[in-house]
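Following: one structure in structure tokens, then a few remarks.
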Amino acid sequence: MAPPSPHRSSILNLFKAGVPPVDIIKRLGVPSRTVYDSISRFKKLGTFLDRCGRGRKPTVVTPDRIKAVKERIRRNPHRSIRKMAKGMKISSRSMGRIVKDKLKLTCYRVRKAAILSEATTKKRLERSKKLLQRTRNGEHLVTVLSDEKLFTVQAEFNPQNHRVLAETSEEAFANGRTIHQASHPASVMVFGAVCADGKSPLLFVDQGVKINKEVYISQILEKTLLPWAQKHFNGRRWVFQQDGAPAHTAKLSQQWCETHLPAFIPKDEWPPSSPDLNPLDYSIWGVLQNKVNAKPHSSIEALKNTLVKEWDALSPEYLRATIDAYPRRLRAVIEKRGGRMEQD
């Protein structure tokens, strides 16, 4: 359906004022057919508005079908657009128009998260408020946020989105259609720490070594974190953050931090069950894993080399952006009264 001429109202105003069509054409500089068609249409309808029901009647995206789709989604919001389209014998494109344009619905990914008890939710709310208050003087810009993560030698992939283009299944197999995964792949535990303008070296924990309070203090805090932070901040005040892992919250670890660090966030001040507030959890580890585990590694040493390479490649601009998101995330937790923040 062609859109109406943008000059229609001007043409009719001049015509009503008694200006001849020839002069209207000259004044507005529009084609003569546009002028004469607009005048003829006005004489026939008595208005310059479009007719009711102008254009082809909808045959697929009808009110009854929209209502039926809405009811199906109400009964089961996990339905896929493709399967609903197949069940109602319409195209996926038409179903997408109904869901997105008519019903104004958005498709969100299902994600996993730990169950938050009422007590945990309350602590998240109270502690997030206090941490947000501390960011107002820019403390988050000198806070070193830390975490550990396990990486494996095998490739990670999403079976829904990971595809191989080939002419035959044999060719697809040869080009990597099947990704073999071991039941217990070789892995390495990694410690990392970041701040607004830098990052610590990656520390690899030896295989078979459990990170208890003694290992945490001697191998991670004393040998890696403290030397790097002292060199990086060069006399400036900085604050250390760690999550609620048993080795972190142990009395001995808390005493060590109080004695050797200029400032740190004690175990009773960091919100429990809050990976959504640690930049390493909500961004950096995911970025690193997507790059590192895009393909399998032949050995632990090869995995370590790739981890160090990709860790070193993280740009200062990216690190600053992840830290800048921290206060916004605290506000989001507060808005949710300590509950999980919404993500796309």
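By order of appearance in the structure tokens: chains A, B, ..., then residues from 1 within every chain, and ligands from 1 in the order shown.
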
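Non-sequential neighbours of stretch 213-227 of chain A (distance at most 7 Å, separation of 4 or more positions within a chain, only C-alpha atoms) are Ser200, Lys231, Ala247, His248, Ala250 and Ser253 of chain A.
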
Write out, as an mmCIF file, in the first residue's frame, the residues just selected, with N, CA and C atoms.
```cif
data_model
loop_
_atom_site.group_PDB
_atom_site.id
_atom_site.type_symbol
_atom_site.label_atom_id
_atom_site.label_comp_id
_atom_site.auth_asym_id
_atom_site.auth_seq_id
_atom_site.Cartn_x
_atom_site.Cartn_y
_atom_site.Cartn_z
ATOM 1 N N SER A 200 45.922 -8.007 37.947
ATOM 2 C CA SER A 200 47.043 -8.767 38.489
ATOM 3 C C SER A 200 47.488 -9.820 37.479
ATOM 4 N N LYS A 231 53.019 -2.642 43.922
ATOM 5 C CA LYS A 231 53.693 -2.045 42.764
ATOM 6 C C LYS A 231 52.727 -1.215 41.931
ATOM 7 N N ALA A 247 37.704 -20.318 52.307
ATOM 8 C CA ALA A 247 39.100 -19.897 52.507
ATOM 9 C C ALA A 247 39.211 -18.387 52.687
ATOM 10 N N HIS A 248 38.269 -17.638 52.099
ATOM 11 C CA HIS A 248 38.301 -16.170 52.187
ATOM 12 C C HIS A 248 37.752 -15.684 53.525
ATOM 13 N N ALA A 250 37.588 -17.383 56.359
ATOM 14 C CA ALA A 250 38.217 -17.982 57.534
ATOM 15 C C ALA A 250 38.820 -16.890 58.418
ATOM 16 N N SER A 253 42.351 -15.838 57.481
ATOM 17 C CA SER A 253 42.430 -15.018 56.263
ATOM 18 C C SER A 253 41.986 -13.591 56.538
#
```

As a short mmCIF file (atom, residue, chain, number, x, y, z; two decimals) with all heavy atoms, in the first residue's frame, please: the residues near A:Lys26 (cut-off 12 Å, only C-alpha atoms, same-chain neighbours under 6 positions excluded).
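File written: result27.cif
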```
data_model
loop_
_atom_site.label_atom_id
_atom_site.label_comp_id
_atom_site.auth_asym_id
_atom_site.auth_seq_id
_atom_site.Cartn_x
_atom_site.Cartn_y
_atom_site.Cartn_z
N ILE A 11 -2.21 20.86 -0.73
CA ILE A 11 -2.95 20.94 -1.99
C ILE A 11 -4.41 21.29 -1.75
O ILE A 11 -4.99 22.19 -2.39
CB ILE A 11 -2.85 19.60 -2.75
CG1 ILE A 11 -1.39 19.36 -3.22
CG2 ILE A 11 -3.80 19.57 -3.94
CD1 ILE A 11 -1.16 17.97 -3.76
N LEU A 14 -5.04 24.93 -0.52
CA LEU A 14 -4.99 25.89 -1.62
C LEU A 14 -6.23 25.77 -2.50
O LEU A 14 -6.79 26.77 -2.97
CB LEU A 14 -3.72 25.68 -2.44
CG LEU A 14 -2.39 26.03 -1.75
CD1 LEU A 14 -1.20 25.61 -2.60
CD2 LEU A 14 -2.32 27.54 -1.47
N VAL A 19 -7.52 28.51 -5.35
CA VAL A 19 -6.35 28.55 -6.23
C VAL A 19 -6.51 27.47 -7.30
O VAL A 19 -6.79 26.30 -6.97
CB VAL A 19 -5.06 28.30 -5.42
CG1 VAL A 19 -3.85 28.32 -6.35
CG2 VAL A 19 -4.91 29.33 -4.31
N PRO A 20 -6.38 27.80 -8.57
CA PRO A 20 -6.52 26.82 -9.65
C PRO A 20 -5.45 25.74 -9.56
O PRO A 20 -4.34 25.98 -9.07
CB PRO A 20 -6.34 27.66 -10.93
CG PRO A 20 -6.60 29.06 -10.50
CD PRO A 20 -6.15 29.17 -9.09
N SER A 32 1.68 17.03 -11.53
CA SER A 32 0.29 17.39 -11.79
C SER A 32 -0.67 16.27 -11.41
O SER A 32 -1.77 16.52 -10.93
CB SER A 32 0.11 17.75 -13.28
OG SER A 32 0.49 16.64 -14.10
N VAL A 35 -1.63 16.45 -7.78
CA VAL A 35 -2.58 17.52 -7.49
C VAL A 35 -3.99 17.13 -7.93
O VAL A 35 -4.95 17.23 -7.16
CB VAL A 35 -2.14 18.82 -8.19
CG1 VAL A 35 -3.22 19.90 -8.03
CG2 VAL A 35 -0.82 19.30 -7.61
#
```

Neighbour list for A:Asp312 as a list in words, cut-off 9 Å, only C-alpha atoms, skip fewer than 5 positions in-chain: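 The filter keeps Lys199, Pro201 and Leu307 of chain A.
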
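Between atom CA of A:Phe191 and atom CA of A:Ile115 the interatomic distance comes to 25.7 Å.
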
If we count only C-alpha atoms, what is near stretch 73-82 of chain A at a cut-off of 12 Å, once residues fewer than 5 positions away on the same chain are taken out, given as a PDB file with C-alpha atoms, in the first residue's frame?
```
ATOM      1  CA  ILE A  66      -3.492 -12.912  18.114  1.00  0.00           C
ATOM      2  CA  LYS A  67      -5.841 -13.917  20.926  1.00  0.00           C
ATOM      3  CA  ALA A  68      -5.049 -17.609  20.398  1.00  0.00           C
ATOM      4  CA  GLY A  87       1.441 -25.865  15.349  1.00  0.00           C
ATOM      5  CA  MET A  88      -0.796 -23.065  14.010  1.00  0.00           C
ATOM      6  CA  LYS A  89       0.348 -23.641  10.406  1.00  0.00           C
ATOM      7  CA  ILE A  90       1.622 -20.127   9.766  1.00  0.00           C
ATOM      8  CA  SER A  91       5.086 -18.827   8.945  1.00  0.00           C
ATOM      9  CA  SER A  92       7.645 -18.102  11.664  1.00  0.00           C
ATOM     10  CA  ARG A  93       7.806 -14.540  10.337  1.00  0.00           C
ATOM     11  CA  SER A  94       4.062 -14.006  10.887  1.00  0.00           C
ATOM     12  CA  MET A  95       4.292 -15.564  14.349  1.00  0.00           C
ATOM     13  CA  GLY A  96       7.187 -13.241  15.144  1.00  0.00           C
ATOM     14  CA  ARG A  97       5.046 -10.249  14.133  1.00  0.00           C
ATOM     15  CA  ILE A  98       2.257 -11.402  16.430  1.00  0.00           C
ATOM     16  CA  VAL A  99       4.558 -11.995  19.402  1.00  0.00           C
ATOM     17  CA  LYS A 100       6.822  -8.960  19.032  1.00  0.00           C
ATOM     18  CA  LEU A 103       1.697  -8.608  21.872  1.00  0.00           C
ATOM     19  CA  LEU A 105       6.679  -9.513  24.059  1.00  0.00           C
ATOM     20  CA  THR A 106      10.452  -9.965  24.210  1.00  0.00           C
ATOM     21  CA  CYS A 107      12.287 -13.297  24.256  1.00  0.00           C
ATOM     22  CA  TYR A 108      14.621 -13.612  27.268  1.00  0.00           C
ATOM     23  CA  ARG A 109      17.166 -16.357  27.833  1.00  0.00           C
ATOM     24  CA  VAL A 110      16.534 -18.689  30.749  1.00  0.00           C
TER      25      VAL A 110
END
```

Tell me, which residues of stretch 45-283 of chain A carry DSSP strand (DSSP E), written as a list in words?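 Strand (DSSP E) members of stretch 45-283 of chain A, listed: Thr143, Val144, Leu145, Ser146, Asp147, Glu148, Lys149, Leu150, Phe151, Thr152, Ser187, Val188, Met189, Val190, Phe191, Gly192, Ala193, Val194, Cys195, Gly198, Lys199, Leu203, Phe204, Val205, Val239, Phe240 and Gln241 of chain A.
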
Using the selection just defined, write its residues with N, CA and C atoms as a compact mmCIF listing (two decimals), in the first residue's frame.
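Output contents, as saved in out_37.txt:
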```
# COMPACT_ATOMS: atom_id res chain seq x y z
N THR A 143 39.30 -0.12 44.15
CA THR A 143 39.01 -1.42 44.74
C THR A 143 39.53 -2.52 43.83
N VAL A 144 40.24 -3.48 44.42
CA VAL A 144 40.73 -4.64 43.69
C VAL A 144 39.75 -5.77 43.94
N LEU A 145 39.05 -6.19 42.89
CA LEU A 145 38.05 -7.27 43.00
C LEU A 145 38.68 -8.57 42.51
N SER A 146 38.47 -9.64 43.25
CA SER A 146 39.17 -10.89 42.96
C SER A 146 38.21 -12.06 42.88
N ASP A 147 38.73 -13.16 42.30
CA ASP A 147 37.91 -14.37 42.19
C ASP A 147 38.76 -15.50 41.66
N GLU A 148 38.27 -16.73 41.82
CA GLU A 148 38.89 -17.91 41.23
C GLU A 148 37.93 -18.56 40.26
N LYS A 149 38.49 -19.25 39.25
CA LYS A 149 37.64 -19.96 38.29
C LYS A 149 38.38 -21.17 37.76
N LEU A 150 37.61 -22.24 37.50
CA LEU A 150 38.15 -23.46 36.94
C LEU A 150 37.99 -23.46 35.42
N PHE A 151 39.07 -23.69 34.70
CA PHE A 151 39.03 -23.81 33.24
C PHE A 151 39.45 -25.22 32.85
N THR A 152 38.81 -25.77 31.81
CA THR A 152 39.14 -27.11 31.34
C THR A 152 39.78 -27.04 29.96
N SER A 187 41.86 -29.96 34.08
CA SER A 187 41.46 -28.59 34.37
C SER A 187 42.51 -27.89 35.22
N VAL A 188 42.36 -26.58 35.30
CA VAL A 188 43.27 -25.79 36.12
C VAL A 188 42.47 -24.68 36.81
N MET A 189 42.77 -24.46 38.10
CA MET A 189 42.13 -23.39 38.86
C MET A 189 42.97 -22.12 38.71
N VAL A 190 42.26 -21.02 38.44
CA VAL A 190 42.94 -19.75 38.16
C VAL A 190 42.47 -18.69 39.14
N PHE A 191 43.41 -17.88 39.65
CA PHE A 191 43.07 -16.71 40.46
C PHE A 191 43.40 -15.47 39.67
N GLY A 192 42.47 -14.49 39.71
CA GLY A 192 42.72 -13.22 39.05
C GLY A 192 42.12 -12.08 39.85
N ALA A 193 42.67 -10.89 39.67
CA ALA A 193 42.15 -9.70 40.35
C ALA A 193 42.23 -8.53 39.39
N VAL A 194 41.22 -7.65 39.44
CA VAL A 194 41.17 -6.50 38.54
C VAL A 194 40.79 -5.24 39.32
N CYS A 195 41.16 -4.11 38.74
CA CYS A 195 40.71 -2.81 39.26
C CYS A 195 40.43 -1.91 38.07
N GLY A 198 43.84 -1.61 35.93
CA GLY A 198 44.84 -2.66 35.82
C GLY A 198 44.32 -4.02 36.25
N LYS A 199 45.21 -5.01 36.15
CA LYS A 199 44.87 -6.38 36.54
C LYS A 199 46.12 -7.08 37.02
N LEU A 203 47.22 -16.35 38.41
CA LEU A 203 47.90 -17.35 39.22
C LEU A 203 47.24 -18.70 38.99
N PHE A 204 48.05 -19.71 38.64
CA PHE A 204 47.54 -21.06 38.44
C PHE A 204 47.81 -21.88 39.69
N VAL A 205 46.75 -22.43 40.25
CA VAL A 205 46.88 -23.28 41.42
C VAL A 205 47.24 -24.69 40.96
N VAL A 239 41.64 -0.84 48.14
CA VAL A 239 40.73 -1.68 48.91
C VAL A 239 40.65 -3.05 48.24
N PHE A 240 40.68 -4.10 49.05
CA PHE A 240 40.63 -5.46 48.51
C PHE A 240 39.25 -6.07 48.73
N GLN A 241 38.74 -6.74 47.69
CA GLN A 241 37.45 -7.44 47.77
C GLN A 241 37.66 -8.91 47.50
```

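The smallest atom-to-atom distance between A:Ser298 and any of A:Lys83, A:Val153, A:Arg124, A:Ala313, using only C-alpha atoms, is found for A:Val153.
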
All alpha helix (DSSP H) positions in stretch 180-294 of chain A, as number ranges by chain: A: 213-215, 226-233, 246-249, 251-260, 279, 285-292

Closest of A:Val142, A:Leu277, A:Ala302, A:Ala332 to A:Pro262, counting only C-alpha atoms, is A:Val142
